[in-house]
Every structure is written in C-alpha cells, then in structure tokens.
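**Student:** The following file, model27.cif, comprises mmCIF, C-alpha atoms and all ligand atoms:
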```cif
data_entry
#
loop_
_atom_site.label_atom_id
_atom_site.label_comp_id
_atom_site.auth_asym_id
_atom_site.auth_seq_id
_atom_site.Cartn_x
_atom_site.Cartn_y
_atom_site.Cartn_z
CA MET W 1 0.00 0.00 0.00
CA SER W 2 1.50 3.37 -0.92
CA THR W 3 1.93 6.12 1.65
CA ALA W 4 -1.20 8.23 2.25
CA TRP W 5 -1.24 11.89 1.24
CA HIS W 6 -2.62 13.95 4.10
CA VAL W 7 -3.93 17.26 2.77
CA LEU W 8 -4.16 20.10 5.29
CA GLY W 9 -6.61 22.78 4.12
CA ALA W 10 -9.64 22.04 1.94
CA GLY W 11 -9.46 25.34 0.05
CA SER W 12 -8.64 26.01 -3.60
CA LEU W 13 -5.20 24.44 -3.97
CA GLY W 14 -5.78 21.73 -1.34
CA THR W 15 -8.87 20.53 -3.22
CA LEU W 16 -7.13 20.81 -6.59
CA TRP W 17 -4.34 18.54 -5.36
CA ALA W 18 -6.49 16.15 -3.30
CA THR W 19 -8.96 15.47 -6.12
CA ARG W 20 -6.26 14.83 -8.73
CA LEU W 21 -4.39 12.47 -6.39
CA ALA W 22 -7.64 10.65 -5.53
CA ARG W 23 -8.61 10.43 -9.23
CA ALA W 24 -5.30 8.60 -9.83
CA GLY W 25 -6.32 6.01 -7.21
CA LEU W 26 -3.81 7.24 -4.62
CA PRO W 27 -4.68 7.19 -0.90
CA VAL W 28 -5.63 10.73 0.24
CA ARG W 29 -6.96 12.01 3.57
CA LEU W 30 -8.28 15.50 4.13
CA ILE W 31 -7.52 17.22 7.45
CA LEU W 32 -10.25 19.64 8.45
CA ARG W 33 -10.07 22.29 11.12
CA ASP W 34 -12.48 20.71 13.65
CA ALA W 35 -15.41 18.32 14.17
CA ALA W 36 -17.95 20.88 12.91
CA ARG W 37 -16.14 21.23 9.57
CA LEU W 38 -15.77 17.44 9.37
CA HIS W 39 -19.53 16.95 9.88
CA SER W 40 -20.32 19.56 7.25
CA TYR W 41 -17.91 17.84 4.82
CA GLU W 42 -19.24 14.36 5.52
CA ALA W 43 -22.80 15.57 4.90
CA VAL W 44 -21.77 16.53 1.36
CA GLY W 45 -19.81 13.32 0.80
CA GLY W 46 -16.73 14.52 -1.05
CA LEU W 47 -14.72 17.19 -2.83
CA THR W 48 -15.84 18.42 -6.22
CA LEU W 49 -13.43 19.54 -8.92
CA VAL W 50 -14.81 21.48 -11.88
CA GLU W 51 -12.56 21.17 -14.89
CA ASN W 52 -13.47 22.33 -18.41
CA GLY W 53 -17.04 22.83 -17.21
CA GLN W 54 -17.34 19.20 -15.98
CA ALA W 55 -17.83 18.56 -12.26
CA HIS W 56 -16.61 15.35 -10.61
CA THR W 57 -16.89 14.48 -6.94
CA TYR W 58 -14.27 12.42 -5.13
CA ALA W 59 -15.09 10.77 -1.80
CA VAL W 60 -11.80 11.69 -0.11
CA PRO W 61 -12.03 10.61 3.57
CA GLY W 62 -11.88 13.47 6.07
CA GLU W 63 -10.49 13.67 9.59
CA THR W 64 -9.74 16.24 12.31
CA PRO W 65 -6.22 17.23 13.46
CA ASP W 66 -6.53 14.99 16.55
CA SER W 67 -7.16 11.80 14.59
CA PRO W 68 -4.62 9.18 15.84
CA GLU W 69 -3.14 8.00 12.52
CA PRO W 70 0.54 8.98 12.02
CA ILE W 71 1.32 11.31 9.12
CA ARG W 72 4.22 10.57 6.79
CA ARG W 73 3.36 12.86 3.87
CA LEU W 74 1.61 16.17 4.46
CA LEU W 75 0.56 18.65 1.82
CA VAL W 76 0.16 22.02 3.56
CA ALA W 77 -2.44 23.96 1.57
CA CYS W 78 -3.36 26.78 3.98
CA LYS W 79 -2.68 30.45 3.42
CA ALA W 80 0.81 31.58 4.44
CA TYR W 81 -0.50 33.26 7.62
CA ASP W 82 -2.21 30.02 8.80
CA ALA W 83 0.48 27.48 7.91
CA GLU W 84 2.65 27.59 11.03
CA GLU W 85 -0.21 27.18 13.53
CA ALA W 86 -1.98 24.57 11.40
CA VAL W 87 1.18 22.43 11.18
CA ALA W 88 1.98 22.93 14.89
CA ARG W 89 -1.36 21.25 15.72
CA LEU W 90 -0.19 18.15 13.83
CA ALA W 91 3.39 18.02 15.16
CA SER W 92 2.73 15.09 17.52
CA ARG W 93 1.29 13.03 14.64
CA LEU W 94 4.30 13.42 12.32
CA ALA W 95 6.24 10.17 11.78
CA PRO W 96 10.05 10.34 12.20
CA ASP W 97 10.46 10.26 8.38
CA ALA W 98 7.63 12.74 7.69
CA GLU W 99 7.80 14.98 4.64
CA LEU W 100 5.85 18.23 4.27
CA ILE W 101 5.09 19.92 0.97
CA LEU W 102 4.50 23.64 1.52
CA LEU W 103 2.30 25.25 -1.14
CA GLN W 104 2.36 28.78 0.34
CA ASN W 105 3.05 31.77 -1.85
CA GLY W 106 5.71 34.29 -0.82
CA LEU W 107 8.47 33.71 1.74
CA GLY W 108 8.67 33.52 5.50
CA SER W 109 6.01 30.92 6.24
CA GLN W 110 8.23 28.05 5.02
CA ASP W 111 10.95 28.86 7.58
CA ALA W 112 8.35 29.34 10.32
CA VAL W 113 6.87 25.89 9.61
CA ALA W 114 10.29 24.22 9.42
CA ALA W 115 11.25 25.70 12.80
CA ARG W 116 8.06 24.24 14.36
CA VAL W 117 8.77 20.70 13.10
CA PRO W 118 12.58 20.41 12.88
CA GLN W 119 12.37 16.60 12.67
CA ALA W 120 10.46 16.70 9.36
CA ARG W 121 11.73 17.30 5.83
CA CYS W 122 10.14 20.47 4.45
CA ILE W 123 9.81 20.80 0.69
CA SER W 124 8.76 24.14 -0.75
CA ALA W 125 6.61 24.56 -3.81
CA SER W 126 6.06 27.43 -6.20
CA SER W 127 2.83 27.05 -8.16
CA THR W 128 1.46 28.90 -11.17
CA GLU W 129 -1.70 26.78 -11.27
CA GLY W 130 -4.95 28.64 -10.60
CA ALA W 131 -8.06 27.52 -8.77
CA PHE W 132 -10.93 29.15 -6.91
CA ARG W 133 -13.87 28.02 -4.80
CA ASP W 134 -17.34 28.41 -6.25
CA GLY W 135 -19.09 26.74 -3.32
CA ASP W 136 -18.39 24.80 -0.17
CA TRP W 137 -16.17 21.79 -0.93
CA ARG W 138 -16.17 22.73 -4.63
CA VAL W 139 -13.27 24.13 -6.65
CA VAL W 140 -12.88 25.32 -10.23
CA PHE W 141 -9.58 24.56 -11.97
CA ALA W 142 -9.19 27.99 -13.57
CA GLY W 143 -5.67 28.17 -14.90
CA HIS W 144 -3.34 25.43 -16.00
CA GLY W 145 0.19 26.09 -14.84
CA PHE W 146 3.18 24.39 -13.30
CA ASN W 147 4.61 23.42 -9.92
CA TRP W 148 8.28 23.65 -8.97
CA LEU W 149 9.28 21.73 -5.88
CA GLY W 150 12.56 21.77 -4.02
CA ASP W 151 14.41 21.46 -0.76
CA GLY W 152 17.23 23.94 -0.17
CA ALA W 153 18.70 21.63 2.51
CA ASN W 154 18.70 18.39 0.49
CA PRO W 155 18.90 18.14 -3.32
CA LEU W 156 17.67 14.52 -3.41
CA ALA W 157 14.29 14.25 -5.17
CA PRO W 158 11.61 12.41 -3.16
CA VAL W 159 10.19 9.11 -4.44
CA TRP W 160 6.61 10.42 -4.38
CA LEU W 161 7.20 12.56 -7.48
CA ASP W 162 5.91 9.40 -9.22
CA ASP W 163 2.54 9.99 -7.53
CA LEU W 164 2.40 13.50 -9.01
CA GLN W 165 3.21 12.03 -12.42
CA ALA W 166 0.40 9.47 -12.02
CA ALA W 167 -1.99 12.24 -10.94
CA ASN W 168 -1.09 14.45 -13.92
CA ILE W 169 0.09 17.23 -11.65
CA PRO W 170 2.65 19.12 -13.76
CA HIS W 171 5.86 19.48 -11.78
CA GLU W 172 9.62 19.59 -11.80
CA TRP W 173 12.14 19.02 -9.03
CA SER W 174 14.08 22.26 -8.73
CA ALA W 175 17.62 22.64 -7.42
CA ASP W 176 17.04 26.39 -6.96
CA ILE W 177 13.61 26.57 -5.35
CA LEU W 178 14.59 29.59 -3.23
CA THR W 179 15.45 31.53 -6.38
CA ARG W 180 12.06 30.59 -7.87
CA LEU W 181 10.25 31.69 -4.70
CA TRP W 182 12.13 35.01 -4.65
CA ARG W 183 11.43 35.60 -8.33
CA LYS W 184 7.69 35.00 -7.86
CA LEU W 185 7.72 37.18 -4.74
CA ALA W 186 9.35 40.00 -6.73
CA LEU W 187 6.76 39.67 -9.52
CA ASN W 188 3.95 39.73 -6.97
CA CYS W 189 5.46 42.78 -5.21
CA ALA W 190 5.78 44.70 -8.48
CA ILE W 191 2.23 43.94 -9.62
CA ASN W 192 -0.24 43.02 -6.86
CA PRO W 193 -0.06 46.05 -4.49
CA LEU W 194 -0.29 48.50 -7.39
CA THR W 195 -3.42 46.79 -8.75
CA VAL W 196 -5.00 47.28 -5.31
CA LEU W 197 -3.92 50.92 -4.97
CA HIS W 198 -4.85 51.87 -8.54
CA ASN W 199 -8.00 49.74 -8.39
CA CYS W 200 -7.28 48.07 -11.72
CA ARG W 201 -6.75 44.82 -13.56
CA ASN W 202 -3.15 43.73 -14.16
CA GLY W 203 -3.29 45.33 -17.64
CA GLY W 204 -4.13 48.72 -16.07
CA LEU W 205 -0.53 48.89 -14.84
CA SER W 206 0.67 49.61 -18.37
CA GLU W 207 -0.48 53.17 -17.58
CA HIS W 208 1.88 53.22 -14.59
CA HIS W 209 5.01 52.18 -16.42
CA CYS W 210 7.40 54.46 -14.48
CA GLU W 211 6.11 53.37 -11.08
CA VAL W 212 6.48 49.70 -12.07
CA ALA W 213 9.99 50.30 -13.46
CA THR W 214 11.14 52.06 -10.25
CA LEU W 215 9.83 49.20 -8.11
CA CYS W 216 11.53 46.62 -10.33
CA ALA W 217 14.86 48.45 -9.97
CA GLU W 218 14.56 48.42 -6.16
CA LEU W 219 13.43 44.79 -6.08
CA ALA W 220 16.39 43.81 -8.31
CA GLU W 221 18.73 45.65 -5.92
CA LEU W 222 17.24 43.73 -3.00
CA LEU W 223 17.61 40.38 -4.79
CA GLN W 224 21.27 41.13 -5.57
CA HIS W 225 21.92 41.96 -1.92
CA CYS W 226 20.30 38.85 -0.55
CA GLY W 227 22.28 36.45 -2.72
CA GLN W 228 19.63 35.94 -5.40
CA PRO W 229 21.15 37.53 -8.54
CA ALA W 230 19.44 35.01 -10.84
CA ALA W 231 16.05 36.08 -9.49
CA ALA W 232 16.93 39.69 -10.41
CA ASP W 233 17.77 38.86 -14.03
CA ASN W 234 15.58 40.85 -16.47
CA LEU W 235 12.98 41.33 -13.75
CA GLN W 236 11.38 44.39 -15.29
CA ALA W 237 11.01 42.71 -18.70
CA GLU W 238 9.28 39.73 -17.09
CA VAL W 239 7.01 41.94 -14.99
CA GLU W 240 5.95 43.76 -18.16
CA ARG W 241 5.43 40.45 -19.96
CA VAL W 242 3.20 39.18 -17.10
CA ILE W 243 1.24 42.46 -17.03
CA HIS W 244 0.60 42.07 -20.75
CA ALA W 245 -0.15 38.31 -20.66
CA THR W 246 -2.56 38.64 -17.72
CA ALA W 247 -3.95 42.06 -18.68
CA ALA W 248 -7.59 41.00 -18.27
CA ASN W 249 -7.06 39.37 -14.85
CA TYR W 250 -7.36 40.80 -11.38
CA SER W 251 -4.31 39.95 -9.23
CA SER W 252 -4.80 37.60 -6.29
CA MET W 253 -4.28 40.46 -3.84
CA TYR W 254 -6.83 42.61 -5.66
CA GLN W 255 -9.34 39.73 -5.38
CA ASP W 256 -8.58 39.25 -1.68
CA VAL W 257 -9.21 42.94 -0.95
CA ALA W 258 -12.31 43.09 -3.17
CA ASN W 259 -13.74 40.11 -1.27
CA GLN W 260 -12.81 41.53 2.16
CA ARG W 261 -10.33 38.67 2.73
CA ARG W 262 -7.04 38.92 4.57
CA THR W 263 -4.08 39.31 2.18
CA GLU W 264 -0.69 37.60 2.35
CA ILE W 265 1.08 41.01 2.46
CA SER W 266 3.47 39.99 5.27
CA TYR W 267 4.85 37.15 3.14
CA LEU W 268 5.21 39.29 -0.01
CA LEU W 269 5.88 43.03 0.26
CA GLY W 270 6.27 42.80 4.06
CA HIS W 271 8.92 40.11 3.70
CA ALA W 272 10.78 42.11 1.03
CA CYS W 273 10.83 45.23 3.25
CA LYS W 274 11.94 43.23 6.30
CA VAL W 275 14.86 41.66 4.40
CA ALA W 276 15.83 45.08 2.98
CA GLU W 277 15.94 46.47 6.51
CA ARG W 278 18.06 43.53 7.69
CA HIS W 279 20.55 44.35 4.89
CA GLN W 280 20.37 48.07 5.77
CA LEU W 281 19.21 48.77 2.24
CA HIS W 282 17.32 52.00 1.60
CA LEU W 283 14.54 51.20 -0.89
CA PRO W 284 12.26 54.23 -0.56
CA HIS W 285 9.65 53.32 -3.19
CA LEU W 286 9.20 49.79 -1.90
CA GLN W 287 8.85 51.06 1.68
CA GLN W 288 6.40 53.74 0.60
CA LEU W 289 4.40 51.14 -1.32
CA GLN W 290 4.11 49.05 1.83
CA GLN W 291 2.97 52.06 3.87
CA ARG W 292 0.35 52.96 1.26
CA LEU W 293 -0.90 49.38 1.10
CA VAL W 294 -1.08 49.04 4.90
CA ALA W 295 -3.06 52.30 5.10
CA HIS W 296 -5.39 51.11 2.33
CA LEU W 297 -6.05 47.79 4.09
CA ARG W 298 -6.67 49.47 7.47
CA LYS W 299 -9.11 51.90 5.86
CA ARG W 300 -11.09 48.91 4.63
CA GLY W 301 -11.01 47.19 8.01
CA LEU W 302 -8.70 44.43 6.78
CA PRO W 303 -5.70 43.06 8.69
CA SER W 304 -2.50 44.78 7.61
CA ASP W 305 -0.23 41.87 8.55
P1 LIG W 401 -7.78 28.96 0.43
O1 LIG W 401 -8.14 30.06 1.38
O2 LIG W 401 -8.72 28.66 -0.70
O3 LIG W 401 -7.59 27.61 1.26
C1 LIG W 401 -6.94 27.53 2.49
C2 LIG W 401 -7.72 26.53 3.34
O4 LIG W 401 -6.96 26.24 4.51
C3 LIG W 401 -9.09 27.05 3.78
O5 LIG W 401 -10.07 26.10 3.45
C4 LIG W 401 -8.93 27.17 5.30
O6 LIG W 401 -10.13 26.93 6.01
C5 LIG W 401 -7.91 26.06 5.55
N1 LIG W 401 -7.25 26.16 6.85
C6 LIG W 401 -6.65 27.24 7.44
N2 LIG W 401 -6.18 26.91 8.66
C7 LIG W 401 -6.48 25.60 8.84
C8 LIG W 401 -6.27 24.70 9.91
N3 LIG W 401 -5.66 25.07 11.05
N4 LIG W 401 -6.69 23.42 9.77
C9 LIG W 401 -7.34 23.02 8.64
N5 LIG W 401 -7.57 23.84 7.59
C10 LIG W 401 -7.14 25.12 7.69
O7 LIG W 401 -6.33 29.27 -0.10
P2 LIG W 401 -5.66 28.85 -1.49
O8 LIG W 401 -6.13 29.78 -2.55
O9 LIG W 401 -5.80 27.38 -1.72
O10 LIG W 401 -4.14 29.23 -1.19
C11 LIG W 401 -3.27 28.42 -0.43
C12 LIG W 401 -1.85 28.91 -0.72
O11 LIG W 401 -1.55 28.64 -2.09
C13 LIG W 401 -1.69 30.44 -0.54
O12 LIG W 401 -0.43 30.73 0.00
C14 LIG W 401 -1.82 30.96 -1.97
O13 LIG W 401 -1.14 32.20 -2.17
C15 LIG W 401 -1.14 29.85 -2.74
N6 LIG W 401 -1.56 29.79 -4.16
C16 LIG W 401 -2.90 29.75 -4.47
C17 LIG W 401 -3.27 29.67 -5.81
C18 LIG W 401 -4.73 29.59 -6.21
O14 LIG W 401 -5.00 29.63 -7.41
N7 LIG W 401 -5.67 29.48 -5.31
C19 LIG W 401 -2.28 29.64 -6.81
C20 LIG W 401 -0.93 29.67 -6.44
C21 LIG W 401 -0.59 29.75 -5.10
O1 LIG W 402 0.71 35.60 -9.32
C1 LIG W 402 0.03 36.57 -9.60
C2 LIG W 402 -1.03 36.98 -8.65
O2 LIG W 402 -2.03 37.58 -9.04
O3 LIG W 402 -0.84 36.66 -7.45
C3 LIG W 402 0.33 37.34 -10.86
C4 LIG W 402 -0.71 37.02 -11.92
C5 LIG W 402 1.69 36.93 -11.41
C6 LIG W 402 0.37 38.81 -10.62
O4 LIG W 402 1.38 39.14 -9.70
#
```
Please express the file's structure as structure tokens.

**Tutor:**
Amino acid sequence: MSTAWHVLGAGSLGTLWATRLARAGLPVRLILRDAARLHSYEAVGGLTLVENGQAHTYAVPGETPDSPEPIRRLLVACKAYDAEEAVARLASRLAPDAELILLQNGLGSQDAVAARVPQARCISASSTEGAFRDGDWRVVFAGHGFNWLGDGANPLAPVWLDDLQAANIPHEWSADILTRLWRKLALNCAINPLTVLHNCRNGGLSEHHCEVATLCAELAELLQHCGQPAAADNLQAEVERVIHATAANYSSMYQDVANQRRTEISYLLGHACKVAERHQLHLPHLQQLQQRLVAHLRKRGLPSD
C-alpha cells in the first residue's frame, strides 16, 4: 500500500491537489479544522473539482487534526498566515520520516513551519496553477500552470514525485527553489499592491510604467543583496510580460481585498521590506508602497499583517 497523502486545508489548492491524487487512485486524507467542519464535509460526501465545465466528486475521507493516525506525507495547503499554527497542531502526529510539501506563496512561512517541526523534511513549492472556490467543498480549476518543488537543505528528489506524475500534476524538481520563490515574490510585489492601490486589472498597470519600473529596480537591488542575482535577471522585462499576458485578470491580492479577505502582504511586500531592513538597504519606493498598502487595508477594516 503506498503512503497516504494527508492534505491540510480544503481550500482552492488543497482541493485541486487532493482530487487529482484521488482520481489517480492514490490514498488521500483531508484534514479539516475541527469536528464541525468534518460533519459539514461528511454531509456533502466529497470534494468536487470542476474542470473544463465538468464537475466530478471524489469521496476523499476526512479527519480532524486529533485523529490518531501517524502522518508521513503532508501537503500544507493553507494560506501563508495560517500554515505555522496549522502544522503545529499536527506536530505530535508526524512520523520520524515525515515529509511536508509547503504550497504557500511568498516567503517567510516556510521557515516558520520548518522551525516548528525540525524533525520533518520540508519541501517548498512554487505554483502557477490557478483555482478558486465556487461553493463549499467545490473548486474550479481555472488556470493550467506548473509546480516547482525543491528542498534547499537536500537536493535529493523524493520518491513520491511518481505519484504527481500518475496524478497528472505538472511538476519539476528544482535545485534552486529559493530563487524561484524570490522571483515570484518580486513579480507579486511589483504587480499586486499597485493593482489594489490603482483599483485596476493587471493590464491597467501599463499606464503606470514608471512606477512599475522604479519598483523593479529596487526589487532587483534587493535580490542582488540577498544572494539571489538570478532572481533579479531581467525582472522588469518579465514583470511587463506578465502584465501584458494577464492584462484582463485581477491579481490575487486585488481579489482578496475586493472580497474583504485577509491578504498575504506579510509574506510578499512585508517580507521584502523586512529583508531590505536587515541588509540596511534603503529602498524608498518599496517602503512607501508598503505604507500605502497598509493604510489602504486598514481603511477597509482588513488586517494589515
Ligand atoms: P484557500 O483560502 O482557498 O484555502 C486555504 C484553506 O486552509 C481554507 O479552506 C482554510 O479553512 C484552511 N485552513 C486554514 N487553517 C487551517 C487549519 N488550522 N486546519 C485546517 N484547515 C485550515 O487558499 P488557497 O487559494 O488554496 O491558497 C493556499 C496557498 O496557495 C496560498 O499561499 C496561496 O497564495 C497559494 N496559491 C494559491 C493559488 C490559487 O490559485 N488558489 C495559486 C498559487 C498559489
Ligand atoms: O501571481 C500573480 C497573482 O495575481 O498573485 C500574478 C498574476 C503573477 C500577478 O502578480
């Protein structure tokens, strides 16, 4: 019997992964927050994935964090600000050879999780796949993309990449996962806050070319200083390419704010500003952007961390 995939967080990405693994006949278990959520899930009977307009339901078994079964493989699919506490609740269930796959965007949460469970191997992921919830226990696969996985502390690829292959989850083992995470963080910092502040789709930023270019220059300086020169390479050109390619889309941060949801600011722009400060780097436009975004969030009654 192959090792079970425990999936922590039945949101967009958690459901996208759990349903594809289950569809491939792999053993999957869904960890829900508490007994109330478990009862609500069991009443529905499974997770539904909507792909190309077709909905399929998969009867993935659910459990609560205090279920007794040991966990050897854990997919952490919470938001960055929930990951550390959610994993801490499972620490006593982790087997000595446990592996965690961290799907969080941005940086900071991965180190916080790893510090909570030093006995486990923590693998970071950077995903460009897109999914959103259109109902309870129901997720729409909105954008095909790719997943890079890697472990800065151990270059050896895990055996379970075969499971991802079987489940048709597009992926590659990456020797430079930290560089990929920094690059995505820089792209998100150059685009997402400005879409919130200018109240526009990604394409609307083509009217703010100078502001974007100034931010890219400061972000590139930061990446150079924190030992990530490859992540700084042609940053502005890629930011402009993404703005153009996703012109009709609203950024994830824009959508969070529009839906009155907490953003992941601390793990994106907040993390960039914190690292800049640690390196005693003066990046005035980046810092000002953070102040403007924090003020904007507070004005709307949203958490600014
Ligand atoms: P989401 O809000 O849809 O799902 C998170 C789920 O985790 C929620 O169901 C929440 O209830 C659950 N959760 C939180 N704390 C928990 C706990 N203690 N125990 C059990 N469940 C808990 O979020 P998402 O969109 O799937 O995003 C997850 C991460 O993936 C984020 O960092 C996001 O930036 C990143 N990401 C998302 C997408 C996407 O398209 N949705 C794409 C790329 C990256
Ligand atoms: O990842 C993104 C997001 O919206 O979070 C893009 C589309 C790259 C914009 O930063």

**Student:** Which residues are near ligand LIG 401 (chain W) in this structure, taking near to mean any atom at most 6 Å from a ligand atom and counting only C-alpha atoms and all ligand atoms? Format them as a compact mmCIF listing (two decimals) with C-alpha atoms, keeping the file's coordinate frame.

**Tutor:**
```txt
# COMPACT_ATOMS: atom_id res chain seq x y z
CA LEU W 8 -4.16 20.10 5.29
CA GLY W 9 -6.61 22.78 4.12
CA ALA W 10 -9.64 22.04 1.94
CA GLY W 11 -9.46 25.34 0.05
CA SER W 12 -8.64 26.01 -3.60
CA LEU W 13 -5.20 24.44 -3.97
CA GLY W 14 -5.78 21.73 -1.34
CA ILE W 31 -7.52 17.22 7.45
CA LEU W 32 -10.25 19.64 8.45
CA ARG W 33 -10.07 22.29 11.12
CA ALA W 77 -2.44 23.96 1.57
CA CYS W 78 -3.36 26.78 3.98
CA LYS W 79 -2.68 30.45 3.42
CA ALA W 80 0.81 31.58 4.44
CA ASP W 82 -2.21 30.02 8.80
CA ALA W 86 -1.98 24.57 11.40
CA LEU W 103 2.30 25.25 -1.14
CA GLN W 104 2.36 28.78 0.34
CA ASN W 105 3.05 31.77 -1.85
CA SER W 127 2.83 27.05 -8.16
CA THR W 128 1.46 28.90 -11.17
CA GLU W 129 -1.70 26.78 -11.27
CA GLY W 130 -4.95 28.64 -10.60
CA ALA W 131 -8.06 27.52 -8.77
CA PHE W 132 -10.93 29.15 -6.91
```

**Student:** Which residue gives the smallest distance to ligand LIG 402 (chain W) among W:Ala248, W:Leu223, W:Val44, W:Ile123, with all atoms listed in the file counted?

**Tutor:** W:Ala248

**Student:** Can you list, as an NGL selection string, every protein, DNA or RNA residue that comes within 6 Å of Asn192 (chain W) when you count all atoms listed in the file, leaving out same-chain residues fewer than 4 positions away?

**Tutor:** :W and (188 or 251 or 253)

**Student:** Using only C-alpha atoms and all ligand atoms, find each protein or nucleic acid residue lying at most 12 Å from ligand LIG 402 (chain W); present the set as a JSON list (two decimals) with C-alpha atoms, in the frame of the given file.

**Tutor:**
```json
[["chain", "number", "residue", "atom", "x", "y", "z"],
["W", 104, "GLN", "CA", 2.36, 28.78, 0.34],
["W", 105, "ASN", "CA", 3.05, 31.77, -1.85],
["W", 106, "GLY", "CA", 5.71, 34.29, -0.82],
["W", 126, "SER", "CA", 6.06, 27.43, -6.20],
["W", 127, "SER", "CA", 2.83, 27.05, -8.16],
["W", 128, "THR", "CA", 1.46, 28.90, -11.17],
["W", 129, "GLU", "CA", -1.70, 26.78, -11.27],
["W", 130, "GLY", "CA", -4.95, 28.64, -10.60],
["W", 131, "ALA", "CA", -8.06, 27.52, -8.77],
["W", 143, "GLY", "CA", -5.67, 28.17, -14.90],
["W", 145, "GLY", "CA", 0.19, 26.09, -14.84],
["W", 181, "LEU", "CA", 10.25, 31.69, -4.70],
["W", 183, "ARG", "CA", 11.43, 35.60, -8.33],
["W", 184, "LYS", "CA", 7.69, 35.00, -7.86],
["W", 185, "LEU", "CA", 7.72, 37.18, -4.74],
["W", 186, "ALA", "CA", 9.35, 40.00, -6.73],
["W", 187, "LEU", "CA", 6.76, 39.67, -9.52],
["W", 188, "ASN", "CA", 3.95, 39.73, -6.97],
["W", 189, "CYS", "CA", 5.46, 42.78, -5.21],
["W", 190, "ALA", "CA", 5.78, 44.70, -8.48],
["W", 191, "ILE", "CA", 2.23, 43.94, -9.62],
["W", 192, "ASN", "CA", -0.24, 43.02, -6.86],
["W", 193, "PRO", "CA", -0.06, 46.05, -4.49],
["W", 194, "LEU", "CA", -0.29, 48.50, -7.39],
["W", 195, "THR", "CA", -3.42, 46.79, -8.75],
["W", 196, "VAL", "CA", -5.00, 47.28, -5.31],
["W", 201, "ARG", "CA", -6.75, 44.82, -13.56],
["W", 202, "ASN", "CA", -3.15, 43.73, -14.16],
["W", 203, "GLY", "CA", -3.29, 45.33, -17.64],
["W", 205, "LEU", "CA", -0.53, 48.89, -14.84],
["W", 212, "VAL", "CA", 6.48, 49.70, -12.07],
["W", 238, "GLU", "CA", 9.28, 39.73, -17.09],
["W", 239, "VAL", "CA", 7.01, 41.94, -14.99],
["W", 240, "GLU", "CA", 5.95, 43.76, -18.16],
["W", 241, "ARG", "CA", 5.43, 40.45, -19.96],
["W", 242, "VAL", "CA", 3.20, 39.18, -17.10],
["W", 243, "ILE", "CA", 1.24, 42.46, -17.03],
["W", 244, "HIS", "CA", 0.60, 42.07, -20.75],
["W", 245, "ALA", "CA", -0.15, 38.31, -20.66],
["W", 246, "THR", "CA", -2.56, 38.64, -17.72],
["W", 247, "ALA", "CA", -3.95, 42.06, -18.68],
["W", 248, "ALA", "CA", -7.59, 41.00, -18.27],
["W", 249, "ASN", "CA", -7.06, 39.37, -14.85],
["W", 250, "TYR", "CA", -7.36, 40.80, -11.38],
["W", 251, "SER", "CA", -4.31, 39.95, -9.23],
["W", 252, "SER", "CA", -4.80, 37.60, -6.29],
["W", 253, "MET", "CA", -4.28, 40.46, -3.84],
["W", 254, "TYR", "CA", -6.83, 42.61, -5.66],
["W", 255, "GLN", "CA", -9.34, 39.73, -5.38],
["W", 256, "ASP", "CA", -8.58, 39.25, -1.68],
["W", 263, "THR", "CA", -4.08, 39.31, 2.18],
["W", 264, "GLU", "CA", -0.69, 37.60, 2.35],
["W", 265, "ILE", "CA", 1.08, 41.01, 2.46],
["W", 268, "LEU", "CA", 5.21, 39.29, -0.01],
["W", 269, "LEU", "CA", 5.88, 43.03, 0.26]]
```

**Student:** From the list W:Arg133, W:Val60, W:Asp34, W:Ser304, which residue is nearest Tyr267 (chain W) when using only C-alpha atoms?

**Tutor:**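 Counting only C-alpha atoms, the residue closest to Tyr267 (chain W) is W:Ser304.
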
**Student:** Do you have the CA of Leu49 (chain W)-CA of Pro65 (chain W) distance handy?

**Tutor:**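 It comes out at 23.6 Å.
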
**Student:** Residues at most 8 Å from Ala18 (chain W), counting all atoms listed in the file, excluding those fewer than 3 positions away in the same chain, as a tab-separated table (two decimals) with C-alpha atoms, in the coordinates of the input?

**Tutor:**
```
chain	number	residue	atom	x	y	z
W	7	VAL	CA	-3.93	17.26	2.77
W	14	GLY	CA	-5.78	21.73	-1.34
W	15	THR	CA	-8.87	20.53	-3.22
W	21	LEU	CA	-4.39	12.47	-6.39
W	22	ALA	CA	-7.64	10.65	-5.53
W	28	VAL	CA	-5.63	10.73	0.24
W	30	LEU	CA	-8.28	15.50	4.13
W	60	VAL	CA	-11.80	11.69	-0.11
```

**Student:** Between W:Ala43, W:Leu219, W:Ala88, W:Leu102, which is the closest to His282 (chain W) once you count all atoms listed in the file?

**Tutor:**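 Ranking W:Ala43, W:Leu219, W:Ala88, W:Leu102 by distance to His282 (chain W), first place goes to W:Leu219.
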